[in-house]
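Enquirer: Structure file query_39.tsv (TSV, C-alpha atoms and all ligand atoms) is given on the next line.
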chain	number	residue	atom	x	y	z
A	220	MET	CA	117.55	83.70	163.98
A	221	ASP	CA	119.93	84.83	166.71
A	222	HIS	CA	122.61	87.48	166.13
A	223	GLU	CA	125.46	85.00	165.58
A	224	ALA	CA	123.47	82.94	163.08
A	225	GLN	CA	122.52	86.13	161.24
A	226	GLU	CA	126.15	87.26	161.00
A	227	ALA	CA	127.13	83.79	159.77
A	228	SER	CA	124.49	83.95	157.04
A	229	PHE	CA	125.75	87.39	155.81
A	230	GLN	CA	129.29	86.00	155.81
A	231	ARG	CA	128.15	82.99	153.78
A	232	LEU	CA	126.62	85.30	151.16
A	233	ALA	CA	129.74	87.53	151.22
A	234	ARG	CA	131.93	84.46	150.58
A	235	LEU	CA	129.96	83.91	147.37
A	236	THR	CA	129.55	87.52	146.20
A	237	ALA	CA	132.14	89.73	147.88
A	238	LEU	CA	135.24	87.67	148.66
A	239	LYS	CA	138.57	89.45	148.12
A	240	GLN	CA	142.24	88.59	147.93
A	241	ALA	CA	144.86	90.72	149.69
A	242	PRO	CA	148.21	91.53	148.00
A	243	ASP	CA	149.85	88.88	150.25
A	244	GLY	CA	147.53	86.22	148.73
A	245	THR	CA	145.23	85.72	151.74
A	246	PHE	CA	141.45	85.79	151.29
A	247	HIS	CA	139.15	88.02	153.28
A	248	LEU	CA	135.58	89.34	153.35
A	249	GLY	CA	136.71	92.98	153.46
A	250	HIS	CA	133.85	95.33	154.15
A	251	TRP	CA	131.19	92.61	154.56
A	252	ARG	CA	129.45	94.48	157.39
A	253	ARG	CA	127.76	96.73	154.82
A	254	GLY	CA	125.42	93.74	154.36
A	255	PRO	CA	123.92	93.70	157.88
A	256	PHE	CA	123.88	97.49	157.85
A	257	LEU	CA	122.00	97.72	154.51
A	258	SER	CA	119.62	95.04	155.70
A	259	ALA	CA	118.82	96.85	158.96
A	260	LEU	CA	118.39	100.16	157.10
A	261	VAL	CA	115.98	98.63	154.57
A	262	LYS	CA	113.95	96.89	157.30
A	263	ARG	CA	113.64	100.19	159.15
A	264	LEU	CA	112.84	102.44	156.15
A	265	ARG	CA	110.68	99.92	154.23
A	266	PRO	CA	111.43	101.63	150.89
A	267	ARG	CA	109.25	100.77	147.88
A	268	HIS	CA	112.10	101.48	145.45
A	269	ILE	CA	115.83	101.39	146.10
A	270	LEU	CA	118.54	102.60	143.72
A	271	GLU	CA	122.04	101.19	143.93
A	272	PHE	CA	125.00	102.53	141.93
A	273	GLY	CA	127.49	99.70	141.41
A	274	THR	CA	126.06	96.16	141.49
A	275	GLY	CA	129.49	94.53	141.63
A	276	ARG	CA	128.90	90.83	142.29
A	277	GLY	CA	125.62	91.67	144.00
A	278	TYR	CA	126.28	91.41	147.74
A	279	GLY	CA	124.66	94.79	148.57
A	280	ALA	CA	121.65	94.32	146.26
A	281	LEU	CA	121.02	90.80	147.57
A	282	CYS	CA	121.20	91.90	151.21
A	283	MET	CA	118.66	94.65	150.52
A	284	ALA	CA	116.32	92.36	148.57
A	285	GLN	CA	116.56	89.70	151.28
A	286	ALA	CA	115.70	92.31	153.93
A	287	SER	CA	112.51	93.25	152.09
A	288	VAL	CA	111.52	89.56	151.80
A	289	GLU	CA	112.13	89.07	155.53
A	290	GLY	CA	110.35	92.36	156.33
A	291	GLY	CA	107.35	91.25	154.24
A	292	PHE	CA	106.94	94.41	152.15
A	293	ASP	CA	107.02	95.13	148.40
A	294	CYS	CA	110.34	96.46	147.25
A	295	THR	CA	112.35	96.66	144.03
A	296	VAL	CA	116.11	97.13	144.08
A	297	TRP	CA	117.27	98.92	140.89
A	298	THR	CA	120.98	98.39	140.51
A	299	ILE	CA	123.34	99.83	137.91
A	300	ASP	CA	126.65	98.49	136.64
A	301	VAL	CA	128.76	98.82	133.52
A	302	ILE	CA	129.31	95.05	133.49
A	303	PRO	CA	126.41	93.14	131.86
A	304	THR	CA	124.89	90.47	134.08
A	305	THR	CA	125.49	87.82	131.39
A	306	GLN	CA	129.16	88.70	130.86
A	307	PRO	CA	131.60	86.28	132.49
A	308	GLN	CA	133.99	88.09	134.83
A	309	PRO	CA	136.76	86.98	137.19
A	310	TRP	CA	134.93	85.82	140.32
A	311	LEU	CA	136.48	84.77	143.59
A	312	LEU	CA	134.21	82.64	145.76
A	313	ASP	CA	134.13	80.07	148.50
A	314	GLU	CA	131.29	77.55	148.27
A	315	GLY	CA	132.38	75.93	151.51
A	316	ALA	CA	135.49	74.07	150.39
A	317	GLY	CA	137.88	77.02	150.26
A	318	ALA	CA	138.36	80.05	148.00
A	319	VAL	CA	138.58	79.48	144.24
A	320	HIS	CA	138.99	81.77	141.24
A	321	ILE	CA	136.37	81.15	138.57
A	322	HIS	CA	135.18	83.01	135.47
A	323	ALA	CA	131.41	83.37	135.65
A	324	SER	CA	128.63	85.84	135.01
A	325	LEU	CA	126.48	87.31	137.74
A	326	GLU	CA	123.46	85.44	136.35
A	327	GLU	CA	125.32	82.12	136.55
A	328	VAL	CA	126.42	82.60	140.16
A	329	TRP	CA	123.10	84.01	141.33
A	330	SER	CA	121.05	81.26	139.69
A	331	LYS	CA	123.19	78.60	141.36
A	332	HIS	CA	123.44	80.10	144.86
A	333	VAL	CA	120.74	82.67	145.53
A	334	PRO	CA	117.00	82.15	146.27
A	335	VAL	CA	114.75	83.29	143.40
A	336	GLU	CA	112.53	85.19	145.83
A	337	TRP	CA	115.46	87.58	146.41
A	338	THR	CA	116.64	87.91	142.80
A	339	GLN	CA	113.15	88.52	141.42
A	340	ARG	CA	113.07	91.75	143.44
A	341	ILE	CA	116.24	93.03	141.76
A	342	ARG	CA	116.32	94.85	138.40
A	343	CYS	CA	119.82	95.09	136.94
A	344	LEU	CA	120.39	98.03	134.60
A	345	THR	CA	123.50	97.79	132.44
A	346	GLY	CA	125.59	100.78	131.43
A	347	ASP	CA	127.58	103.68	132.73
A	348	SER	CA	125.59	105.45	135.45
A	349	ARG	CA	125.50	108.62	133.35
A	350	SER	CA	123.74	106.95	130.43
A	351	VAL	CA	121.43	104.88	132.64
A	352	MET	CA	120.33	107.92	134.65
A	353	ARG	CA	119.65	109.87	131.43
A	354	ARG	CA	117.25	107.05	130.44
A	355	TRP	CA	115.61	106.83	133.86
A	356	ARG	CA	112.93	109.47	133.48
A	357	ARG	CA	112.53	108.94	129.73
A	358	GLU	CA	111.57	105.34	130.42
A	359	GLY	CA	109.20	106.25	133.24
A	360	LEU	CA	111.13	104.44	135.98
A	361	PRO	CA	109.91	105.18	139.51
A	362	ARG	CA	111.10	107.70	142.08
A	363	VAL	CA	113.23	106.12	144.78
A	364	ASP	CA	113.06	106.07	148.59
A	365	CYS	CA	116.57	104.90	149.38
A	366	CYS	CA	119.84	105.11	147.50
A	367	PHE	CA	123.15	103.27	147.95
A	368	ILE	CA	126.03	105.02	146.15
A	369	ASP	CA	128.80	102.48	145.55
A	370	GLY	CA	129.72	102.65	141.84
A	371	GLY	CA	132.58	104.71	140.44
A	372	HIS	CA	134.49	106.18	143.38
A	373	ASP	CA	136.17	109.17	141.79
A	374	TYR	CA	134.93	112.59	142.84
A	375	ALA	CA	133.13	113.44	139.56
A	376	THR	CA	131.26	110.13	139.40
A	377	VAL	CA	130.22	110.21	143.05
A	378	LYS	CA	128.90	113.75	142.64
A	379	HIS	CA	127.16	112.81	139.38
A	380	ASP	CA	125.50	109.76	140.98
A	381	PHE	CA	124.36	111.73	144.03
A	382	VAL	CA	122.94	114.62	141.96
A	383	ALA	CA	121.25	112.23	139.50
A	384	ALA	CA	119.69	110.24	142.37
A	385	LEU	CA	118.49	113.39	144.10
A	386	ARG	CA	116.65	114.34	140.90
A	387	ILE	CA	114.55	111.15	141.04
A	388	ALA	CA	114.28	110.86	144.83
A	389	ASN	CA	111.03	110.94	146.76
A	390	PRO	CA	110.80	113.27	149.76
A	391	ARG	CA	112.51	111.66	152.82
A	392	CYS	CA	114.77	109.54	150.62
A	393	SER	CA	117.86	108.33	152.53
A	394	PHE	CA	121.29	108.10	150.91
A	395	LEU	CA	124.12	105.84	151.92
A	396	LEU	CA	127.53	106.64	150.44
A	397	ASP	CA	130.10	103.89	150.67
A	398	ASP	CA	133.89	104.34	150.62
A	399	TYR	CA	134.27	107.37	152.85
A	400	THR	CA	138.01	106.81	152.96
A	401	GLU	CA	141.33	108.60	152.47
A	402	ARG	CA	142.34	106.39	149.53
A	403	LYS	CA	144.00	107.87	146.45
A	404	GLY	CA	141.49	108.29	143.58
A	405	TYR	CA	138.51	108.04	145.95
A	406	GLY	CA	136.36	111.18	146.03
A	407	VAL	CA	133.55	110.29	148.45
A	408	LYS	CA	135.21	111.86	151.50
A	409	ARG	CA	136.16	115.04	149.65
A	410	PHE	CA	132.67	115.35	148.12
A	411	PHE	CA	130.91	114.83	151.43
A	412	ASP	CA	133.26	116.94	153.60
A	413	ARG	CA	133.42	119.87	151.19
A	414	GLU	CA	130.02	119.91	149.56
A	415	LEU	CA	127.39	118.12	151.64
A	416	ALA	CA	128.36	118.41	155.31
A	417	PRO	CA	128.59	122.24	155.27
A	418	ARG	CA	125.17	122.49	153.59
A	419	LEU	CA	123.23	120.01	155.73
A	420	PRO	CA	122.11	120.21	159.37
A	421	ALA	CA	124.38	118.07	161.59
A	422	GLU	CA	121.47	115.86	162.67
A	423	ALA	CA	120.81	114.91	159.03
A	424	TRP	CA	123.92	112.79	158.58
A	425	GLU	CA	126.10	110.28	160.33
A	426	ILE	CA	129.51	108.79	159.59
A	427	LEU	CA	129.32	105.02	160.06
A	428	ASP	CA	132.30	102.92	160.97
A	429	PRO	CA	131.79	99.26	160.02
A	430	MET	CA	135.31	98.48	161.35
A	431	ALA	CA	136.74	97.77	157.90
A	432	TRP	CA	140.12	98.79	156.52
A	433	ASP	CA	141.41	99.65	153.05
A	434	GLU	CA	144.99	99.26	151.95
A	435	THR	CA	146.43	102.25	150.07
A	436	ALA	CA	148.89	102.02	147.14
A	437	PHE	CA	151.64	102.54	149.76
A	438	GLY	CA	150.53	99.54	151.82
A	439	GLU	CA	149.11	101.80	154.53
A	440	LYS	CA	145.83	100.75	156.22
A	441	VAL	CA	143.10	103.40	156.38
A	442	PRO	CA	139.61	103.08	157.90
A	443	HIS	CA	136.80	102.40	155.42
A	444	LYS	CA	133.68	104.26	156.55
A	445	MET	CA	130.27	105.10	155.11
A	446	VAL	CA	128.08	108.20	155.26
A	447	LEU	CA	124.35	108.04	155.88
A	448	LEU	CA	122.13	110.98	154.92
A	449	LYS	CA	118.98	110.42	156.95
A	450	GLY	CA	115.88	111.13	154.88
A	451	GLU	CA	113.68	111.43	157.95
A	452	ALA	CA	115.89	114.24	159.32
A	453	PHE	CA	115.74	116.58	156.34
A	454	GLY	CA	112.26	115.89	154.98
A	455	ALA	CA	112.36	116.71	151.29
A	456	LEU	CA	115.97	117.24	150.34
A	457	THR	CA	116.13	118.91	146.93
A	458	LEU	CA	118.95	119.99	144.68
A	459	ALA	CA	117.81	123.58	145.20
A	460	GLN	CA	118.55	123.29	148.95
A	461	LEU	CA	122.12	122.27	148.26
A	462	TYR	CA	123.14	124.16	145.16
A	463	SER	CA	122.15	127.34	143.36
A	464	PRO	CA	120.69	126.87	139.82
A	465	ARG	CA	123.96	128.34	138.50
A	466	GLU	CA	126.05	125.74	140.35
A	467	VAL	CA	123.84	122.93	139.05
A	468	ARG	CA	124.10	124.19	135.44
A	469	ALA	CA	127.89	124.58	135.79
A	470	PHE	CA	128.23	121.04	137.18
A	471	ASP	CA	126.03	119.52	134.45
A	472	ARG	CA	128.08	121.31	131.74
A	473	TRP	CA	131.40	120.25	133.30
A	474	ASP	CA	130.23	116.66	133.76
A	475	ALA	CA	128.99	116.45	130.14
A	476	TRP	CA	132.28	117.94	128.88
A	477	ARG	CA	134.27	115.47	131.00
A	478	THR	CA	132.23	112.50	129.74
A	479	ASP	CA	132.62	113.61	126.09
A	480	SER	CA	136.38	114.10	126.42
A	481	GLN	CA	136.77	110.69	128.09
A	482	ARG	CA	134.77	109.09	125.25
A	483	LEU	CA	136.93	110.91	122.67
A	484	ALA	CA	140.13	109.80	124.44
A	485	ARG	CA	138.90	106.17	124.40
A	486	ARG	CA	138.13	106.40	120.65
A	487	VAL	CA	141.51	107.94	119.83
A	488	LYS	CA	143.24	105.21	121.85
A	489	ALA	CA	141.28	102.48	120.03
A	490	LEU	CA	142.10	104.07	116.66
A	491	LEU	CA	145.81	104.27	117.48
A	492	ARG	CA	145.76	100.63	118.58
A	493	LEU	CA	144.13	99.60	115.28
A	494	ARG	CA	146.72	101.60	113.29
A	495	ARG	CA	149.56	99.99	115.24
A	496	GLU	CA	148.12	96.52	114.61
A	497	ALA	CA	147.61	97.31	110.90
A	498	ALA	CA	151.22	98.57	110.65
A	499	ARG	CA	152.48	95.37	112.30
A	500	THR	CA	150.64	93.09	109.85
A	501	THR	CA	151.71	94.95	106.66
B	601	LIG	C1	132.50	98.31	144.82
B	601	LIG	S1	131.68	97.54	143.48
B	601	LIG	C2	130.01	97.52	144.02
B	601	LIG	C3	129.78	96.60	145.18
B	601	LIG	C4	128.32	96.41	145.53
B	601	LIG	N1	127.63	97.67	145.69
B	601	LIG	C5	128.17	95.60	146.80
B	601	LIG	O1	127.72	96.14	147.83
B	601	LIG	O2	128.51	94.41	146.79
B	601	LIG	C6	131.67	98.87	142.31
B	601	LIG	C7	131.00	98.52	140.98
B	601	LIG	O3	130.71	99.76	140.32
B	601	LIG	C8	130.81	99.56	138.94
B	601	LIG	N2	131.02	100.90	138.33
B	601	LIG	C9	132.13	101.68	138.43
B	601	LIG	N3	131.94	102.85	137.78
B	601	LIG	C10	130.68	102.80	137.27
B	601	LIG	C11	129.90	103.71	136.50
B	601	LIG	N4	130.36	104.91	136.14
B	601	LIG	N5	128.65	103.34	136.15
B	601	LIG	C12	128.15	102.12	136.51
B	601	LIG	N6	128.85	101.22	137.25
B	601	LIG	C13	130.09	101.56	137.63
B	601	LIG	C14	131.98	98.61	138.77
B	601	LIG	O4	131.87	97.88	137.57
B	601	LIG	C15	131.87	97.72	140.01
B	601	LIG	O5	131.21	96.51	139.70
As structure tokens - that is how I would like this structure written.
Expert:
Amino acid sequence: MDHEAQEASFQRLARLTALKQAPDGTFHLGHWRRGPFLSALVKRLRPRHILEFGTGRGYGALCMAQASVEGGFDCTVWTIDVIPTTQPQPWLLDEGAGAVHIHASLEEVWSKHVPVEWTQRIRCLTGDSRSVMRRWRREGLPRVDCCFIDGGHDYATVKHDFVAALRIANPRCSFLLDDYTERKGYGVKRFFDRELAPRLPAEAWEILDPMAWDETAFGEKVPHKMVLLKGEAFGALTLAQLYSPREVRAFDRWDAWRTDSQRLARRVKALLRLRREAARTT
């Protein structure tokens, strides 16, 4: 397939699994170039196991699975999301006759539009990344060779997902962090600039610019970039190379405390809602 036909085929998949609507109502494919990039990375690294944080509607996972089919090597894409694959969700897609809003589950859309030889290489794990990663080793899931971090974008979640992935990574595992952007509430750039870049040799990472833009809450357009940590450049990257045992313990304690307080806040909110509803009906 020539370059243009390849780009058209990624765009077709993005129209089914990654289409977006701008505040002015127009439809666009946003950051669809992550697809060709993930595909090229997977074909080059030939990972046996890939871990993705944030399945979304599946564009990234499908591009990676497709790359392994085309490359002719065994590969499983493990992908984590809080939204169950059978749960209907608002889904914007264009099957060729223009963009439409539907309500469908990932399983419904995939089974209608995606080849089984791609989807059978994907294992969807449902839950918050913190609970799924706690189960990972208990359930004997494999070490991974490549990791795409694209789930929760706040600083604490990005750091959690990176640290958790590093704990189950094989030597020479590569990491791709999406959403290296100046957007409010997004912590990837801060995490990378402050914590990883100063601790890694310059040849071990690269900022990638897929020529995509994000719109901030103030309507300002900022570049949407990605960061690649190149497994082949740092050999066996371990937590111990990046953080002291004290820093790791402090982060784990803080992260657990944060998760518990968020859970408590959610329960209190639900309780207050129930009391308000009970008061209204009496
Ligand atoms: C940007 S989308 C992922 C896009 C996908 N990686 C792709 O390339 O098409 C982010 C997804 O992360 C999920 N998510 C956010 N926080 C999460 C968390 N803490 N644990 C698991 N999934 C999370 C959201 O439900 C959402 O579907």
Enquirer: Show me which residues sit within 8 Å of ligand LIG 601 (chain B) when counting only C-alpha atoms and all ligand atoms, and put them as JSON, numbers by chain.
Expert: {"A": [236, 237, 253, 254, 271, 272, 273, 274, 275, 276, 277, 278, 279, 280, 299, 300, 301, 302, 345, 346, 347, 348, 349, 367, 368, 369, 370, 371, 372, 376]}
Enquirer: Tell me which protein, DNA and RNA residues are within 8 Å of A:Asp313, counting only C-alpha atoms, leaving out same-chain ones fewer than 2 positions away, and put them as a PyMOL selection string.
Expert: chain A and resi 234-235+238+311+315-319
Enquirer: Under the rule that all atoms listed in the file are counted, which of A:Val407, A:Ala498, A:Val351, A:Leu427 is the nearest residue to A:Asp373?
Expert: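 With all atoms listed in the file as the atom set, the closest residue is A:Val407.
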Enquirer: Report, in Å to a single decimal, how far apart atom CA of A:Arg263 and atom CA of A:Glu425 are.
Expert: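 Computing it gives 16.1 Å between the two atoms.
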Enquirer: Using all atoms listed in the file, which of A:His379, A:Arg252, A:Arg402, A:Arg353 sits nearest A:Asp428?
Expert: A:Arg252
Enquirer: So which residues touch A:Thr295 within 8 Å, counting only C-alpha atoms, skipping near sequence neighbours fewer than 4 positions away, as a count of residues only?
Expert: 7
Enquirer: Could you tell me which of A:Glu414, A:Tyr399, A:Glu422, A:Ala469 comes closest to A:Val446 if we count all atoms listed in the file?
Expert: A:Tyr399
Enquirer: Restricting the calculation to all atoms listed in the file: of A:Leu270, A:Tyr462, A:Ser330, A:Arg357, which residue gets closest to A:Ala384?
Expert: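 Among the listed residues, A:Leu270 lies closest to A:Ala384.
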Enquirer: For the atom pair atom CA of A:Ala241 and atom CA of A:Pro429, what is the interatomic distance in Å to one decimal place?
Expert: 18.7 Å
Enquirer: For A:Glu289, which of A:Trp337, A:Trp355, A:Trp310, A:Tyr405 is the closest residue, counting all atoms listed in the file?
Expert: A:Trp337
Enquirer: Smallest atom-to-atom distance to A:Gly291: which of A:Pro266, A:Pro334, A:Pro361, A:Pro417, using only C-alpha atoms?
Expert: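 Of all the options, A:Pro266 lies closest to A:Gly291.
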Enquirer: What is the atom CA of A:Arg482-atom CA of A:Gly406 distance in Å, reported with one decimal?
Expert: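 Computing it gives 20.9 Å between the two atoms.
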Enquirer: Extending 8 Å beyond the listed atoms of stretch 342-360 of chain A on each side, what axis-aligned box results? I want centre and edge lengths in Å to one decimal, as AutoDock Vina command-line options.
Expert:
--center_x 118.4 --center_y 102.4 --center_z 134.1 --size_x 34.4 --size_y 31.0 --size_z 24.7
Enquirer: Near A:Thr457, within 12 Å and counting only C-alpha atoms, which residues show up once chain neighbours fewer than 5 positions away are dropped, as a count of residues only?
Expert: 19
Enquirer: What's the 9 Å shell around A:Phe410, counting all atoms listed in the file, without same-chain residues fewer than 4 positions away, as a list in words?
Expert: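 The contact residues come out as Tyr374, Ala375, Val377, Lys378, Gly406, Glu414, Leu415 and Ala416 of chain A.
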Enquirer: Could stretch 365-390 of chain A be completed with N, CA and C atoms and written as a tab-separated table (two decimals), in the coordinates of the input, please?
Expert:
chain	number	residue	atom	x	y	z
A	365	CYS	N	115.32	105.22	148.70
A	365	CYS	CA	116.57	104.90	149.38
A	365	CYS	C	117.63	104.71	148.30
A	366	CYS	N	118.83	105.20	148.55
A	366	CYS	CA	119.84	105.11	147.50
A	366	CYS	C	121.20	104.73	148.10
A	367	PHE	N	121.83	103.72	147.50
A	367	PHE	CA	123.15	103.27	147.95
A	367	PHE	C	124.16	103.63	146.85
A	368	ILE	N	125.08	104.54	147.17
A	368	ILE	CA	126.03	105.02	146.15
A	368	ILE	C	127.35	104.28	146.33
A	369	ASP	N	127.64	103.37	145.40
A	369	ASP	CA	128.80	102.48	145.55
A	369	ASP	C	129.31	102.04	144.17
A	370	GLY	N	129.26	102.98	143.19
A	370	GLY	CA	129.72	102.65	141.84
A	370	GLY	C	131.13	103.16	141.62
A	371	GLY	N	131.28	104.08	140.65
A	371	GLY	CA	132.58	104.71	140.44
A	371	GLY	C	132.92	105.57	141.65
A	372	HIS	N	134.18	105.50	142.11
A	372	HIS	CA	134.49	106.18	143.38
A	372	HIS	C	135.21	107.50	143.23
A	373	ASP	N	135.50	107.88	141.97
A	373	ASP	CA	136.17	109.17	141.79
A	373	ASP	C	135.17	110.29	142.09
A	374	TYR	N	135.74	111.45	142.40
A	374	TYR	CA	134.93	112.59	142.84
A	374	TYR	C	133.79	112.91	141.86
A	375	ALA	N	134.13	113.01	140.55
A	375	ALA	CA	133.13	113.44	139.56
A	375	ALA	C	131.99	112.43	139.48
A	376	THR	N	132.31	111.14	139.52
A	376	THR	CA	131.26	110.13	139.40
A	376	THR	C	130.38	110.09	140.65
A	377	VAL	N	131.01	110.22	141.81
A	377	VAL	CA	130.22	110.21	143.05
A	377	VAL	C	129.26	111.41	143.06
A	378	LYS	N	129.77	112.56	142.66
A	378	LYS	CA	128.90	113.75	142.64
A	378	LYS	C	127.80	113.56	141.60
A	379	HIS	N	128.18	113.05	140.42
A	379	HIS	CA	127.16	112.81	139.38
A	379	HIS	C	126.06	111.89	139.93
A	380	ASP	N	126.48	110.76	140.54
A	380	ASP	CA	125.50	109.76	140.98
A	380	ASP	C	124.59	110.34	142.07
A	381	PHE	N	125.17	111.13	142.97
A	381	PHE	CA	124.36	111.73	144.03
A	381	PHE	C	123.34	112.71	143.43
A	382	VAL	N	123.83	113.60	142.55
A	382	VAL	CA	122.94	114.62	141.96
A	382	VAL	C	121.84	113.94	141.13
A	383	ALA	N	122.23	112.93	140.34
A	383	ALA	CA	121.25	112.23	139.50
A	383	ALA	C	120.20	111.52	140.36
A	384	ALA	N	120.64	110.94	141.49
A	384	ALA	CA	119.69	110.24	142.37
A	384	ALA	C	118.75	111.24	143.04
A	385	LEU	N	119.31	112.37	143.43
A	385	LEU	CA	118.49	113.39	144.10
A	385	LEU	C	117.36	113.86	143.17
A	386	ARG	N	117.65	113.88	141.87
A	386	ARG	CA	116.65	114.34	140.90
A	386	ARG	C	115.47	113.37	140.77
A	387	ILE	N	115.67	112.11	141.17
A	387	ILE	CA	114.55	111.15	141.04
A	387	ILE	C	114.15	110.60	142.42
A	388	ALA	N	114.55	111.35	143.47
A	388	ALA	CA	114.28	110.86	144.83
A	388	ALA	C	112.93	111.37	145.33
A	389	ASN	N	112.24	110.51	146.06
A	389	ASN	CA	111.03	110.94	146.76
A	389	ASN	C	111.43	111.76	147.98
A	390	PRO	N	110.50	112.59	148.50
A	390	PRO	CA	110.80	113.27	149.76
A	390	PRO	C	111.16	112.22	150.82
